[in-house]
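Presented below is the structure to which this report refers.
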Amino acid sequence: MTLNSTQKATYAFVGAIIVAGIVLSTIVFPFWNLIREDVYEEVKIISNDDGICYVETIDLIPKKIENCNLSPDDTVTIKYPEGLPWATVVDP
């Protein structure tokens with residue numbers, strides 16, 4: 001079976017796309033960047049805005065806690081993924 005030039009060009013293009021996808025998925029954007037470590041921290045509630053609480057953490061990224069019924073200045077333990085702006089309250 002002999003391939004003509006159009007078929008060769010098509011196979012080369014598809015092969016280049018596949019190689020580029022593999023390089024991007026393994027070197028540029030590794031899968032393990034999607035899995036973040038959970039951080040536990042004891043913080044004070046800064047404010048409660050209609051059920052959404054805000055806290056300041058050691059990574060200096062303000063965290064938002066939804067469905068929150070705590071008052072400002074309450075101290076709680078929260079859990080949040082490293083580097084992200086949301087958190088959840090951990091039951092003691």
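Ordering of the structure tokens sets the chain letters (A, B, ...), residue numbers begin anew at 1 in every chain, and ligands are numbered from 1 in the order given.
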DSSP strand (DSSP E or B) residues within chain A, as a PyMOL selection string = chain A and resi 38-49+52-55+63-65+75-81+86+88-89
Could you name the residues that touch Val55 of chain A at 7 Å or less, counting only C-alpha atoms, but leaving out those on the same chain fewer than 5 positions away, as a PyMOL selection string?
-> chain A and resi 43-46+62-64
Rank nothing, just name the residue among A:Gly51, A:Glu37, A:Ile58, A:Cys68 nearest to Glu82 of chain A, using only C-alpha atoms.
->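 Under the stated criterion, the closest residue is A:Glu37.
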Figure out the distance between atom CA of Leu70 of chain A and atom CA of Asp49 of chain A, please, to one decimal in Å.
->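 Pair atom CA of Asp49 of chain A / atom CA of Leu70 of chain A returns 10.3 Å.
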Which residue, A:Val90, A:Thr75, A:Ala9, A:Asn67, has the smallest gap to Asp50 of chain A when you use only C-alpha atoms?
->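 Under the stated criterion, the closest residue is A:Asn67.
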Counting only C-alpha atoms, what is within 12 Å of Leu84 of chain A, bar same-chain residues fewer than 6 positions away, as an mmCIF file with N, CA and C atoms, in the first residue's frame?
data_model
loop_
_atom_site.group_PDB
_atom_site.id
_atom_site.type_symbol
_atom_site.label_atom_id
_atom_site.label_comp_id
_atom_site.auth_asym_id
_atom_site.auth_seq_id
_atom_site.Cartn_x
_atom_site.Cartn_y
_atom_site.Cartn_z
ATOM 1 N N LEU A 34 -3.083 19.610 39.682
ATOM 2 C CA LEU A 34 -4.523 19.653 39.944
ATOM 3 C C LEU A 34 -4.854 19.176 41.354
ATOM 4 N N ILE A 35 -3.972 18.391 41.946
ATOM 5 C CA ILE A 35 -4.200 17.848 43.279
ATOM 6 C C ILE A 35 -3.467 18.731 44.277
ATOM 7 N N ARG A 36 -4.220 19.462 45.076
ATOM 8 C CA ARG A 36 -3.628 20.382 46.040
ATOM 9 C C ARG A 36 -3.718 19.789 47.444
ATOM 10 N N GLU A 37 -2.736 20.114 48.243
ATOM 11 C CA GLU A 37 -2.715 19.652 49.625
ATOM 12 C C GLU A 37 -3.676 20.499 50.455
ATOM 13 N N ASP A 38 -4.429 19.854 51.341
ATOM 14 C CA ASP A 38 -5.320 20.583 52.240
ATOM 15 C C ASP A 38 -4.522 21.167 53.396
ATOM 16 N N VAL A 39 -4.852 22.408 53.745
ATOM 17 C CA VAL A 39 -4.201 23.102 54.848
ATOM 18 C C VAL A 39 -5.243 23.318 55.938
ATOM 19 N N THR A 57 -5.760 34.225 56.217
ATOM 20 C CA THR A 57 -4.937 33.060 56.527
ATOM 21 C C THR A 57 -3.454 33.403 56.390
ATOM 22 N N ASP A 59 -1.330 32.345 54.332
ATOM 23 C CA ASP A 59 -0.844 32.504 52.961
ATOM 24 C C ASP A 59 -1.252 33.848 52.354
ATOM 25 N N LEU A 60 -1.898 34.702 53.161
ATOM 26 C CA LEU A 60 -2.308 36.060 52.768
ATOM 27 C C LEU A 60 -3.325 36.097 51.639
ATOM 28 N N ILE A 61 -4.015 34.989 51.410
ATOM 29 C CA ILE A 61 -5.113 34.950 50.449
ATOM 30 C C ILE A 61 -6.403 34.914 51.267
ATOM 31 N N PRO A 62 -7.231 35.969 51.196
ATOM 32 C CA PRO A 62 -8.484 35.952 51.960
ATOM 33 C C PRO A 62 -9.352 34.763 51.526
ATOM 34 N N LYS A 63 -9.912 34.083 52.494
ATOM 35 C CA LYS A 63 -10.746 32.904 52.212
ATOM 36 C C LYS A 63 -12.213 33.221 52.434
ATOM 37 N N LYS A 64 -13.057 32.639 51.593
ATOM 38 C CA LYS A 64 -14.507 32.800 51.674
ATOM 39 C C LYS A 64 -15.095 31.477 52.151
ATOM 40 N N ILE A 65 -15.968 31.548 53.167
ATOM 41 C CA ILE A 65 -16.643 30.359 53.701
ATOM 42 C C ILE A 65 -18.135 30.556 53.479
#
In Å, rounded to a single decimal, give me how far atom CA of Asn69 of chain A is from atom CA of Ile52 of chain A.
->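 Taking atom CA of Ile52 of chain A as the start and atom CA of Asn69 of chain A as the end point, the length is 8.1 Å.
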Considering only C-alpha atoms, return as number ranges by chain whatever protein or nucleic-acid residues lie within 8 Å of Glu41 of chain A, sequence-local ones (same chain, fewer than 6 positions apart) excluded.
-> A: 57, 77-79
Report the residues of chain A whose backbone DSSP state falls under helix (DSSP H, G or I), written as a JSON list (two decimals) with C-alpha atoms, in the first residue's frame.
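Heads up, here's the output in selection.json:
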[["chain", "number", "residue", "atom", "x", "y", "z"],
["A", 5, "SER", "CA", 1.35, 13.08, -0.46],
["A", 6, "THR", "CA", -2.00, 14.21, 1.01],
["A", 7, "GLN", "CA", -2.25, 11.13, 3.20],
["A", 8, "LYS", "CA", 1.35, 11.56, 4.34],
["A", 9, "ALA", "CA", 0.72, 15.20, 5.23],
["A", 10, "THR", "CA", -2.46, 14.24, 7.14],
["A", 11, "TYR", "CA", -0.64, 11.55, 9.15],
["A", 12, "ALA", "CA", 2.24, 13.95, 9.88],
["A", 13, "PHE", "CA", -0.21, 16.64, 11.07],
["A", 14, "VAL", "CA", -2.15, 14.23, 13.31],
["A", 15, "GLY", "CA", 1.12, 12.86, 14.69],
["A", 16, "ALA", "CA", 2.38, 16.38, 15.45],
["A", 17, "ILE", "CA", -0.89, 17.20, 17.29],
["A", 18, "ILE", "CA", -0.60, 14.01, 19.36],
["A", 19, "VAL", "CA", 3.05, 14.70, 20.24],
["A", 20, "ALA", "CA", 2.22, 18.32, 21.17],
["A", 21, "GLY", "CA", -0.62, 17.09, 23.39],
["A", 22, "ILE", "CA", 1.66, 14.64, 25.17],
["A", 23, "VAL", "CA", 4.35, 17.29, 25.71],
["A", 24, "LEU", "CA", 1.82, 19.82, 27.04],
["A", 25, "SER", "CA", 0.17, 17.32, 29.36],
["A", 26, "THR", "CA", 3.40, 16.00, 30.88],
["A", 27, "ILE", "CA", 5.80, 18.94, 30.94],
["A", 28, "VAL", "CA", 3.84, 22.17, 30.79],
["A", 31, "PHE", "CA", -1.53, 16.33, 36.42],
["A", 32, "TRP", "CA", -0.27, 16.62, 39.99],
["A", 33, "ASN", "CA", -0.79, 20.40, 39.85]]
Take atom CA of Tyr80 of chain A and atom CA of Pro30 of chain A and report the distance between them in Å, one decimal.
->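 Atom CA of Tyr80 of chain A sits 21.3 Å away from atom CA of Pro30 of chain A.
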